[in-house]
file protein_16.tsv (TSV, C-alpha atoms)
chain	number	residue	atom	x	y	z
P	8	MET	CA	0.00	0.00	0.00
P	9	LYS	CA	1.27	3.46	-0.86
P	10	PHE	CA	-0.41	6.85	-1.05
P	11	SER	CA	0.16	10.53	-0.31
P	12	THR	CA	-2.22	13.01	1.29
P	13	SER	CA	-2.16	16.39	2.99
P	14	LYS	CA	-1.12	16.63	6.63
P	15	THR	CA	-4.33	18.49	7.55
P	16	GLU	CA	-6.67	15.93	5.95
P	17	LEU	CA	-4.88	13.07	7.70
P	18	GLN	CA	-4.85	14.92	11.03
P	19	HIS	CA	-8.58	15.68	10.94
P	20	ALA	CA	-9.43	12.06	10.10
P	21	LEU	CA	-7.19	10.64	12.86
P	22	GLN	CA	-8.53	13.07	15.47
P	23	LYS	CA	-12.04	11.92	14.63
P	24	LEU	CA	-11.11	8.23	14.75
P	25	SER	CA	-9.27	8.56	18.07
P	26	LYS	CA	-12.70	8.94	19.77
P	27	ALA	CA	-13.32	5.22	19.16
P	28	THR	CA	-9.93	4.03	20.40
P	29	PRO	CA	-9.94	2.54	23.92
P	30	THR	CA	-7.40	4.00	26.36
P	31	ARG	CA	-6.83	0.54	27.83
P	32	SER	CA	-7.59	-2.75	26.16
P	33	THR	CA	-6.59	-6.40	26.36
P	34	LEU	CA	-6.70	-6.41	22.54
P	35	PRO	CA	-3.70	-4.45	21.17
P	36	ILE	CA	-5.27	-4.36	17.68
P	37	LEU	CA	-7.94	-1.94	19.01
P	38	GLY	CA	-5.19	0.67	19.44
P	39	CYS	CA	-4.77	0.66	15.66
P	40	VAL	CA	-6.48	2.39	12.77
P	41	LEU	CA	-7.31	0.18	9.79
P	42	ILE	CA	-6.35	1.87	6.52
P	43	GLU	CA	-7.83	0.35	3.36
P	44	SER	CA	-6.74	1.82	0.03
P	45	LYS	CA	-8.74	0.74	-3.01
P	46	GLU	CA	-8.74	2.17	-6.52
P	47	GLU	CA	-11.87	4.26	-5.93
P	48	ILE	CA	-11.57	5.13	-2.23
P	49	THR	CA	-9.27	5.12	0.82
P	50	THR	CA	-10.95	4.65	4.20
P	51	LEU	CA	-9.73	4.78	7.80
P	52	ARG	CA	-11.54	2.85	10.53
P	53	SER	CA	-11.24	2.57	14.31
P	54	THR	CA	-13.32	0.71	16.89
P	55	ASP	CA	-13.55	-0.06	20.61
P	56	LEU	CA	-16.12	-2.83	19.81
P	57	GLU	CA	-18.90	-0.52	21.09
P	58	LEU	CA	-18.39	2.37	18.66
P	59	THR	CA	-16.98	2.11	15.13
P	60	ILE	CA	-15.96	5.20	13.14
P	61	GLN	CA	-15.07	5.15	9.46
P	62	ALA	CA	-13.86	8.17	7.48
P	63	GLU	CA	-12.83	8.67	3.86
P	64	LEU	CA	-9.43	10.16	3.14
P	65	PRO	CA	-8.67	11.99	-0.15
P	66	VAL	CA	-5.35	10.59	-1.41
P	67	SER	CA	-3.09	10.28	-4.45
P	68	LEU	CA	-2.91	6.50	-4.69
P	69	GLU	CA	0.16	4.65	-5.97
P	70	LYS	CA	-0.56	1.13	-4.69
P	71	THR	CA	-3.68	-0.44	-3.18
P	72	GLY	CA	-3.62	-2.44	0.05
P	73	SER	CA	-4.68	-2.48	3.68
P	74	SER	CA	-2.95	-2.46	7.05
P	75	ALA	CA	-3.59	-1.66	10.74
P	76	LEU	CA	-1.32	1.13	12.00
P	77	PRO	CA	-0.85	2.34	15.62
P	78	LEU	CA	-3.30	5.24	15.81
P	79	LYS	CA	-1.70	7.17	18.67
P	80	THR	CA	1.78	7.18	17.08
P	81	LEU	CA	0.33	8.19	13.73
P	82	LEU	CA	-1.72	11.00	15.30
P	83	ASP	CA	1.19	12.22	17.45
P	84	ILE	CA	3.58	12.58	14.51
P	85	THR	CA	0.87	14.15	12.31
P	86	ASN	CA	0.11	16.72	15.02
P	87	GLU	CA	3.78	17.71	15.15
P	88	LEU	CA	4.28	18.03	11.39
P	89	PRO	CA	4.13	21.40	9.62
P	90	GLU	CA	1.71	21.71	6.70
P	91	THR	CA	3.15	19.29	4.13
P	92	ARG	CA	2.38	16.32	1.89
P	93	VAL	CA	2.63	13.02	3.74
P	94	THR	CA	3.47	9.82	1.89
P	95	LEU	CA	2.61	6.61	3.67
P	96	SER	CA	3.78	3.20	2.43
P	97	VAL	CA	3.48	-0.29	3.92
P	98	ASP	CA	5.47	-3.27	2.61
P	99	ASP	CA	4.49	-6.96	2.63
P	100	LYS	CA	6.13	-7.41	6.07
P	101	ASN	CA	3.93	-4.64	7.58
P	102	ARG	CA	6.81	-2.19	7.85
P	103	VAL	CA	5.51	1.37	7.59
P	104	LYS	CA	7.43	4.33	6.18
P	105	ILE	CA	6.06	7.86	6.60
P	106	THR	CA	7.84	10.35	4.33
P	107	THR	CA	7.54	14.15	4.33
P	108	ASP	CA	9.54	17.03	2.78
P	109	THR	CA	11.81	17.10	5.83
P	110	GLY	CA	12.01	13.58	7.23
P	111	GLU	CA	11.28	9.86	7.31
P	112	TYR	CA	9.65	7.91	10.13
P	113	ASP	CA	9.46	4.12	10.39
P	114	LEU	CA	7.16	1.95	12.50
P	115	MET	CA	5.53	-1.47	12.49
P	116	ALA	CA	1.90	-2.18	11.54
P	117	LYS	CA	-0.29	-5.22	12.12
P	118	PRO	CA	-1.98	-7.40	9.49
P	119	ALA	CA	-5.34	-6.01	8.33
P	120	ASP	CA	-7.10	-9.36	8.87
P	121	GLU	CA	-6.54	-9.07	12.65
P	122	PHE	CA	-8.73	-5.95	12.78
P	123	PRO	CA	-12.39	-6.52	13.83
P	124	ALA	CA	-14.87	-6.70	10.95
P	125	VAL	CA	-17.59	-4.08	10.49
P	126	PRO	CA	-20.85	-5.18	12.20
P	127	ASP	CA	-23.46	-6.56	9.79
P	128	THR	CA	-25.99	-3.81	9.07
P	129	THR	CA	-27.60	-5.27	5.95
P	130	LYS	CA	-31.12	-5.66	7.39
P	131	SER	CA	-31.36	-2.07	8.60
P	132	GLN	CA	-34.23	0.35	8.08
P	133	SER	CA	-33.41	3.85	6.91
P	134	VAL	CA	-34.60	7.03	8.64
P	135	ILE	CA	-33.55	10.50	7.44
P	136	VAL	CA	-33.25	13.25	10.04
P	137	SER	CA	-31.93	16.79	9.67
P	138	GLY	CA	-28.61	17.45	11.36
P	139	GLU	CA	-30.07	20.49	13.14
P	140	MET	CA	-32.91	18.42	14.65
P	141	LEU	CA	-30.64	15.55	15.70
P	142	LYS	CA	-28.27	18.02	17.35
P	143	SER	CA	-31.09	19.62	19.35
P	144	ILE	CA	-32.43	16.21	20.44
P	145	ILE	CA	-29.00	15.04	21.64
P	146	GLY	CA	-28.25	18.38	23.33
P	147	ALA	CA	-31.57	18.34	25.16
P	148	THR	CA	-31.34	14.79	26.52
P	149	SER	CA	-27.81	13.37	26.81
P	150	PHE	CA	-26.86	15.33	29.96
P	151	ALA	CA	-29.38	13.32	32.04
P	152	VAL	CA	-28.07	9.87	31.02
P	153	SER	CA	-27.01	7.62	33.93
P	154	LYS	CA	-23.40	6.55	34.50
P	155	ASP	CA	-24.50	3.46	36.46
P	156	GLU	CA	-23.34	0.42	34.47
P	157	LEU	CA	-25.55	-1.79	36.69
P	158	LYS	CA	-28.57	-0.16	35.01
P	159	PRO	CA	-27.62	-0.50	31.33
P	160	ALA	CA	-31.01	0.72	30.02
P	161	LEU	CA	-30.36	4.10	31.65
P	162	THR	CA	-26.86	4.55	30.14
P	163	GLY	CA	-28.38	5.65	26.84
P	164	VAL	CA	-31.18	7.77	25.40
P	165	LEU	CA	-34.46	6.15	24.38
P	166	PHE	CA	-35.51	7.12	20.84
P	167	ARG	CA	-39.17	6.34	20.13
P	168	PHE	CA	-40.28	6.63	16.51
P	169	ASP	CA	-44.04	6.67	15.93
P	170	GLY	CA	-46.86	8.37	14.03
P	171	ILE	CA	-46.65	11.61	16.04
P	172	GLY	CA	-42.92	12.19	15.46
P	173	ILE	CA	-39.88	11.32	17.54
P	174	THR	CA	-39.67	11.18	21.33
P	175	ALA	CA	-36.30	11.10	23.13
P	176	VAL	CA	-36.10	10.24	26.83
P	177	SER	CA	-33.18	10.06	29.27
P	178	THR	CA	-33.06	9.52	33.03
P	179	ASP	CA	-30.57	8.70	35.77
P	180	GLY	CA	-33.17	8.13	38.49
P	181	HIS	CA	-32.77	11.66	39.91
P	182	ARG	CA	-33.84	13.60	36.83
P	183	LEU	CA	-35.71	12.80	33.63
P	184	VAL	CA	-35.96	14.55	30.27
P	185	ARG	CA	-38.68	13.94	27.70
P	186	TYR	CA	-38.15	15.77	24.41
P	187	VAL	CA	-40.73	15.40	21.63
P	188	ARG	CA	-40.37	16.63	18.03
P	189	LYS	CA	-43.65	16.60	16.11
P	190	ASP	CA	-42.11	18.04	12.92
P	191	PHE	CA	-40.52	14.70	12.04
P	192	ASN	CA	-41.61	11.82	9.86
P	193	ALA	CA	-39.86	8.46	10.32
P	194	GLY	CA	-41.41	7.06	7.16
P	195	GLU	CA	-42.21	3.38	7.45
P	196	PHE	CA	-40.15	2.79	10.59
P	197	SER	CA	-41.70	2.73	14.04
P	198	GLY	CA	-40.24	1.38	17.27
P	199	ASP	CA	-37.93	2.03	20.22
P	200	ILE	CA	-34.14	1.96	20.39
P	201	ILE	CA	-31.79	2.84	23.27
P	202	VAL	CA	-28.70	4.64	21.96
P	203	PRO	CA	-25.48	4.73	24.08
P	204	LYS	CA	-24.25	8.12	25.29
P	205	LYS	CA	-20.78	7.67	23.76
P	206	PHE	CA	-22.27	7.58	20.26
P	207	LEU	CA	-24.46	10.61	20.98
P	208	SER	CA	-21.57	12.65	22.44
P	209	PHE	CA	-19.46	11.93	19.35
P	210	MET	CA	-22.32	12.80	17.01
P	211	LEU	CA	-23.02	16.09	18.80
P	212	ASN	CA	-19.54	17.36	17.87
P	213	GLN	CA	-19.62	16.05	14.29
P	214	ILE	CA	-23.11	16.87	12.99
P	215	SER	CA	-23.50	19.70	10.50
P	216	ASN	CA	-26.89	21.03	9.34
P	217	ASP	CA	-26.96	18.48	6.50
P	218	ASN	CA	-29.28	15.51	6.69
P	219	VAL	CA	-28.10	12.42	8.55
P	220	GLU	CA	-29.19	8.95	7.45
P	221	LEU	CA	-29.83	6.61	10.37
P	222	LEU	CA	-29.78	2.90	9.54
P	223	ILE	CA	-31.59	1.09	12.35
P	224	GLY	CA	-30.83	-2.62	12.61
P	225	GLU	CA	-31.60	-5.29	15.16
P	226	ASN	CA	-28.39	-4.81	17.16
P	227	HIS	CA	-26.69	-1.76	15.64
P	228	LEU	CA	-27.40	1.83	14.66
P	229	THR	CA	-25.44	3.39	11.82
P	230	ALA	CA	-25.22	7.11	11.08
P	231	LYS	CA	-24.14	8.24	7.61
P	232	MET	CA	-22.83	11.81	7.38
P	233	LYS	CA	-21.27	12.93	4.09
P	234	ASN	CA	-18.17	10.70	3.88
P	235	ASP	CA	-18.26	9.41	7.45
P	236	LEU	CA	-19.89	6.31	8.90
P	237	VAL	CA	-20.49	5.87	12.64
P	238	ILE	CA	-21.78	2.55	13.99
P	239	THR	CA	-22.85	1.83	17.56
P	240	ARG	CA	-24.22	-1.14	19.42
P	241	ILE	CA	-27.86	-0.62	20.47
P	242	ILE	CA	-28.50	-1.22	24.19
P	243	ASP	CA	-30.67	-4.35	24.27
P	244	GLU	CA	-32.64	-3.60	27.43
P	245	ARG	CA	-36.16	-2.52	28.35
P	246	PHE	CA	-36.44	1.19	29.12
P	247	PRO	CA	-38.49	2.01	32.25
P	248	ASP	CA	-42.09	3.22	31.94
P	249	TYR	CA	-41.21	6.91	32.09
P	250	GLU	CA	-44.78	8.19	31.63
P	251	SER	CA	-45.81	6.68	34.97
P	252	VAL	CA	-43.32	8.82	36.93
P	253	ILE	CA	-44.29	12.16	35.34
P	254	PRO	CA	-46.72	13.82	37.80
P	255	LYS	CA	-50.02	15.06	36.37
P	256	GLU	CA	-51.30	17.18	39.26
P	257	ASN	CA	-48.55	19.56	40.34
P	258	ASP	CA	-50.67	22.57	41.38
P	259	LYS	CA	-48.01	24.96	42.76
P	260	LYS	CA	-46.32	27.03	40.05
P	261	MET	CA	-43.31	29.32	39.94
P	262	LYS	CA	-42.30	31.60	37.08
P	263	VAL	CA	-38.85	33.16	37.31
P	264	ASP	CA	-36.18	34.77	35.13
P	265	LYS	CA	-33.98	31.83	34.11
P	266	ASP	CA	-30.60	33.62	34.14
P	267	VAL	CA	-31.27	35.36	37.47
P	268	PHE	CA	-32.33	32.05	39.05
P	269	LEU	CA	-29.34	30.17	37.61
P	270	GLY	CA	-26.87	32.83	38.74
P	271	ALA	CA	-28.24	32.73	42.30
P	272	ILE	CA	-28.00	28.93	42.45
P	273	ARG	CA	-24.40	29.01	41.17
P	274	ARG	CA	-23.33	31.56	43.76
P	275	VAL	CA	-25.15	30.06	46.74
P	276	SER	CA	-24.06	26.48	45.92
P	277	ILE	CA	-20.39	27.47	46.32
P	278	PHE	CA	-21.06	27.41	50.07
P	279	SER	CA	-22.96	24.08	50.07
P	280	ASN	CA	-21.73	20.79	51.50
P	281	LYS	CA	-19.30	19.21	49.02
P	282	SER	CA	-20.85	15.74	49.31
P	283	THR	CA	-24.59	16.59	49.23
P	284	HIS	CA	-24.43	19.87	47.20
P	285	GLN	CA	-27.68	20.69	48.96
P	286	VAL	CA	-29.57	23.95	48.36
P	287	ALA	CA	-33.09	24.89	49.46
P	288	LEU	CA	-35.72	26.91	47.61
P	289	ASN	CA	-38.10	28.86	49.87
P	290	MET	CA	-40.98	30.11	47.73
P	291	GLU	CA	-43.49	32.85	48.59
P	292	THR	CA	-45.99	34.74	46.42
P	293	THR	CA	-43.50	37.27	45.00
P	294	SER	CA	-40.09	35.80	45.79
P	295	CYS	CA	-37.83	32.77	45.92
P	296	ARG	CA	-35.11	32.57	48.55
P	297	ILE	CA	-32.21	30.21	47.79
P	298	THR	CA	-30.27	29.04	50.84
P	299	THR	CA	-27.56	26.59	51.84
P	300	GLU	CA	-25.63	25.70	54.97
P	301	ASP	CA	-22.61	23.48	55.62
P	302	PRO	CA	-22.11	22.90	59.38
P	303	GLU	CA	-18.84	21.04	58.71
P	304	LYS	CA	-17.21	24.20	57.34
P	305	SER	CA	-19.39	26.68	59.24
P	306	SER	CA	-20.41	28.24	55.93
P	307	LYS	CA	-23.81	29.36	54.70
P	308	ALA	CA	-25.31	31.57	52.00
P	309	GLN	CA	-28.63	32.95	50.84
P	310	GLU	CA	-30.04	35.04	48.00
P	311	GLN	CA	-33.55	36.33	47.40
P	312	ILE	CA	-34.83	36.86	43.87
P	313	ILE	CA	-38.12	38.07	42.38
P	314	ALA	CA	-40.45	35.25	41.35
P	315	GLU	CA	-44.16	34.69	40.69
P	316	PHE	CA	-45.43	31.83	42.83
P	317	GLU	CA	-48.95	30.37	42.89
P	318	GLY	CA	-49.97	28.21	45.85
P	319	ASP	CA	-49.14	27.79	49.52
P	320	SER	CA	-45.56	28.64	50.54
P	321	LEU	CA	-43.15	25.79	49.91
P	322	THR	CA	-39.59	24.87	50.93
P	323	ILE	CA	-37.89	22.18	48.87
P	324	GLY	CA	-34.31	20.87	48.67
P	325	TYR	CA	-32.24	19.93	45.62
P	326	ASN	CA	-28.80	18.74	44.64
P	327	ALA	CA	-27.43	22.01	43.24
P	328	ASP	CA	-25.51	20.29	40.42
P	329	TYR	CA	-28.64	18.54	39.13
P	330	LEU	CA	-30.66	21.74	39.49
P	331	LYS	CA	-28.09	23.78	37.52
P	332	ASP	CA	-28.04	21.14	34.77
P	333	ILE	CA	-31.82	21.15	34.42
P	334	VAL	CA	-32.16	24.96	34.42
P	335	THR	CA	-29.29	25.37	31.93
P	336	HIS	CA	-31.05	23.10	29.42
P	337	VAL	CA	-34.38	24.93	29.54
P	338	SER	CA	-34.75	27.24	26.51
P	339	GLY	CA	-36.07	30.79	26.65
P	340	GLU	CA	-35.73	33.61	29.16
P	341	LYS	CA	-38.40	32.53	31.64
P	342	LEU	CA	-38.46	29.27	33.61
P	343	LEU	CA	-41.72	27.59	34.64
P	344	VAL	CA	-41.59	25.10	37.53
P	345	GLU	CA	-44.55	23.06	38.77
P	346	PHE	CA	-44.43	21.61	42.31
P	347	SER	CA	-46.65	19.45	44.49
P	348	THR	CA	-44.98	18.68	47.83
P	349	ALA	CA	-41.48	18.97	49.33
P	350	ILE	CA	-40.85	15.28	48.65
P	351	SER	CA	-42.30	14.84	45.16
P	352	ALA	CA	-40.92	15.48	41.68
P	353	ALA	CA	-41.10	18.96	40.14
P	354	LEU	CA	-41.52	19.68	36.43
P	355	PHE	CA	-39.35	22.25	34.64
P	356	SER	CA	-40.22	23.79	31.27
P	357	SER	CA	-39.87	26.95	29.19
P	358	ASP	CA	-42.40	29.76	28.82
P	359	ILE	CA	-41.88	29.54	25.05
P	360	ILE	CA	-44.66	27.62	23.31
P	361	ASP	CA	-43.56	25.81	20.14
P	362	GLU	CA	-46.18	23.70	18.38
P	363	ASN	CA	-43.46	21.34	17.09
P	364	ILE	CA	-41.45	20.89	20.31
P	365	ASP	CA	-42.65	19.53	23.65
P	366	SER	CA	-39.83	19.57	26.20
P	367	LEU	CA	-40.31	18.54	29.81
P	368	MET	CA	-37.75	17.95	32.57
P	369	LEU	CA	-38.36	16.31	35.92
P	370	LEU	CA	-36.18	16.63	39.02
P	371	MET	CA	-36.48	14.69	42.27
P	372	PRO	CA	-35.92	16.69	45.50
P	373	ILE	CA	-33.63	15.68	48.37
P	374	ARG	CA	-34.61	15.72	52.03
P	375	LEU	CA	-33.37	18.82	53.80
P	376	ASN	CA	-31.29	18.62	56.96
P	377	ASP	CA	-33.20	19.85	59.99
call {"tool": "encode", "arguments": {"input": "protein_16.tsv", "output": "structure tokens"}}
result
Amino acid sequence: MKFSTSKTELQHALQKLSKATPTRSTLPILGCVLIESKEEITTLRSTDLELTIQAELPVSLEKTGSSALPLKTLLDITNELPETRVTLSVDDKNRVKITTDTGEYDLMAKPADEFPAVPDTTKSQSVIVSGEMLKSIIGATSFAVSKDELKPALTGVLFRFDGIGITAVSTDGHRLVRYVRKDFNAGEFSGDIIVPKKFLSFMLNQISNDNVELLIGENHLTAKMKNDLVITRIIDERFPDYESVIPKENDKKMKVDKDVFLGAIRRVSIFSNKSTHQVALNMETTSCRITTEDPEKSSKAQEQIIAEFEGDSLTIGYNADYLKDIVTHVSGEKLLVEFSTAISAALFSSDIIDENIDSLMLLMPIRLND
């Protein structure tokens, strides 16, 4: 195999592929990038067996072939090179020579047949979604995904395709996000899939406003974007019945300026206990007082902000980190919060009404210290 390409093109491709390279693995081959040069196309592929990324590389081809090269070494030297043409050749003994205008670098590759094969996605159903919509869905939901590997269903986002559009749901047991887009048509496909967070985080940084083709198979989801292919394993678990935990009769309501509220929480929470991150909201008809106290460090803080509150006065406690996350992801300038009691879930939403978007966030309170 022998080809030449620009340093920048190679660098961009390798940076992308490094996201699917495990930091530690019992399989050394997973630390490699598979390069396949054919007459019509040269592709680079990496995988950690959960996520597979494939990118096309524009090259001037001299000799076809394929080989698995150490990705980190290749990326490190490419990062250090000035803008130049890079010629990469691999002989029949898997010896690699990288040649530039100023130097030569040699390393060893591994046989291409040791690299894991691409998962079979032949029986997949195609769904087209705009990049802008997919980006907003991922941005609205992925922050609430659980990190608890003992609850695999919660380590991804549920995508539900049906006649009314697309519903995306994420929860970690403390908070829940339900984001519905009605301006979407899945065509002939309907059903549920749970998509791992790693795939979604990668996609969030790669998606442009162009359409993305999603190929939904029995065990894998494939995203096609221009010249890139991203494949992930679908989480084969049953997602909890999220509708049953969304309260229907929260009769106490607060309306508050989102940025003012968020700023107060950020400042007050600096003085909270570092293990509980506990803050309390004390709501009256025209105000909301945010307080915290940490007896261990003899620190406390409070701020009072203007708010419109309907219902009997209420004091409720939250983990400040979860509260900040929820408020940050609400769109618009005004925040609407619906409460019931000091020990039941509250619902957070925007004052902006969009006939195509229905976004709802739920947050569980924590018991306040006496």
call {"tool": "residues_near_point", "arguments": {"input": "protein_16.tsv", "point": "(-24.1, 17.8, 39.2)", "cutoff": "12 Å", "atoms": "all atoms listed in the file", "output": "PyMOL selection string"}}
result
chain P and resi 150-151+153+179+181-182+273+276+281-285+325-335
call {"tool": "closest_residue", "arguments": {"input": "protein_16.tsv", "among": "P:Thr162, P:Thr298, P:Thr178, P:Thr50", "to": "Gln311 of chain P", "atoms": "all atoms listed in the file"}}
result
P:Thr298
call {"tool": "closest_residue", "arguments": {"input": "protein_16.tsv", "among": "P:Ala287, P:Met140, P:Ile171, P:Ala160", "to": "Val219 of chain P", "atoms": "all atoms listed in the file"}}
result
P:Met140
call {"tool": "closest_residue", "arguments": {"input": "protein_16.tsv", "among": "P:Ser73, P:Asn192, P:Thr91, P:Asn257", "to": "Thr12 of chain P", "atoms": "all atoms listed in the file"}}
result
P:Thr91
call {"tool": "closest_residue", "arguments": {"input": "protein_16.tsv", "among": "P:Asn234, P:Ser25, P:Ser96, P:Thr128", "to": "Leu114 of chain P", "atoms": "all atoms listed in the file"}}
result
P:Ser96
call {"tool": "closest_residue", "arguments": {"input": "protein_16.tsv", "among": "P:Leu78, P:Met115, P:Leu64, P:Val344", "to": "Met368 of chain P", "atoms": "all atoms listed in the file"}}
result
P:Val344
call {"tool": "residues_around", "arguments": {"input": "protein_16.tsv", "residues": "Leu141 of chain P", "least_positions_apart": "6", "cutoff": "9 Å", "atoms": "all atoms listed in the file", "output": "number ranges by chain"}}
result
P: 210-211, 214, 219
call {"tool": "residues_around", "arguments": {"input": "protein_16.tsv", "residues": "Ala349 of chain P", "least_positions_apart": "3", "cutoff": "9 Å", "atoms": "all atoms listed in the file", "output": "JSON, numbers by chain"}}
result
{"P": [321, 322, 323, 324, 346, 352, 372, 373, 374]}
call {"tool": "residues_around", "arguments": {"input": "protein_16.tsv", "residues": "Ser149 of chain P", "least_positions_apart": "4", "cutoff": "10 Å", "atoms": "all atoms listed in the file", "output": "PyMOL selection string"}}
result
chain P and resi 144-145+153+162-164+175-178+184+203-205+207-208+211
call {"tool": "atom_distance", "arguments": {"input": "protein_16.tsv", "atom1": "atom CA of Leu88 of chain P", "atom2": "atom CA of Thr15 of chain P"}}
result
9.4 Å
call {"tool": "atom_distance", "arguments": {"input": "protein_16.tsv", "atom1": "atom CA of Thr49 of chain P", "atom2": "atom CA of Leu34 of chain P"}}
result
24.7 Å
call {"tool": "closest_residue", "arguments": {"input": "protein_16.tsv", "among": "P:Leu37, P:Lys231, P:Leu236, P:Ile201", "to": "Ala62 of chain P", "atoms": "only C-alpha atoms"}}
result
P:Leu236
call {"tool": "residues_around", "arguments": {"input": "protein_16.tsv", "residues": "Met290 of chain P", "least_positions_apart": "3", "cutoff": "7 Å", "atoms": "all atoms listed in the file", "output": "PyMOL selection string"}}
result
chain P and resi 294-296+316+320-322
call {"tool": "atom_distance", "arguments": {"input": "protein_16.tsv", "atom1": "atom CA of Lys154 of chain P", "atom2": "atom CA of Gly180 of chain P"}}
result
10.7 Å
call {"tool": "residues_around", "arguments": {"input": "protein_16.tsv", "residues": "Thr106 of chain P", "least_positions_apart": "6", "cutoff": "9 Å", "atoms": "all atoms listed in the file", "output": "ChimeraX atom specification"}}
result
/P:11,92-96,112-113
call {"tool": "axis_aligned_box", "arguments": {"input": "protein_16.tsv", "around": "segment 189-199 of chain P", "padding_each_side": "5 Å", "output": "AutoDock Vina command-line options"}}
result
--center_x -40.8 --center_y 9.7 --center_z 13.7 --size_x 15.7 --size_y 26.7 --size_z 23.1
call {"tool": "residues_near_point", "arguments": {"input": "protein_16.tsv", "point": "(-24.5, 13.4, 5.1)", "cutoff": "12 Å", "atoms": "all atoms listed in the file", "output": "list of chain:residue names"}}
result
P:Ile135, P:Val136, P:Ser137, P:Gly138, P:Gln213, P:Ile214, P:Ser215, P:Asn216, P:Asp217, P:Asn218, P:Val219, P:Glu220, P:Leu221, P:Ala230, P:Lys231, P:Met232, P:Lys233, P:Asn234, P:Asp235, P:Leu236, P:Val237
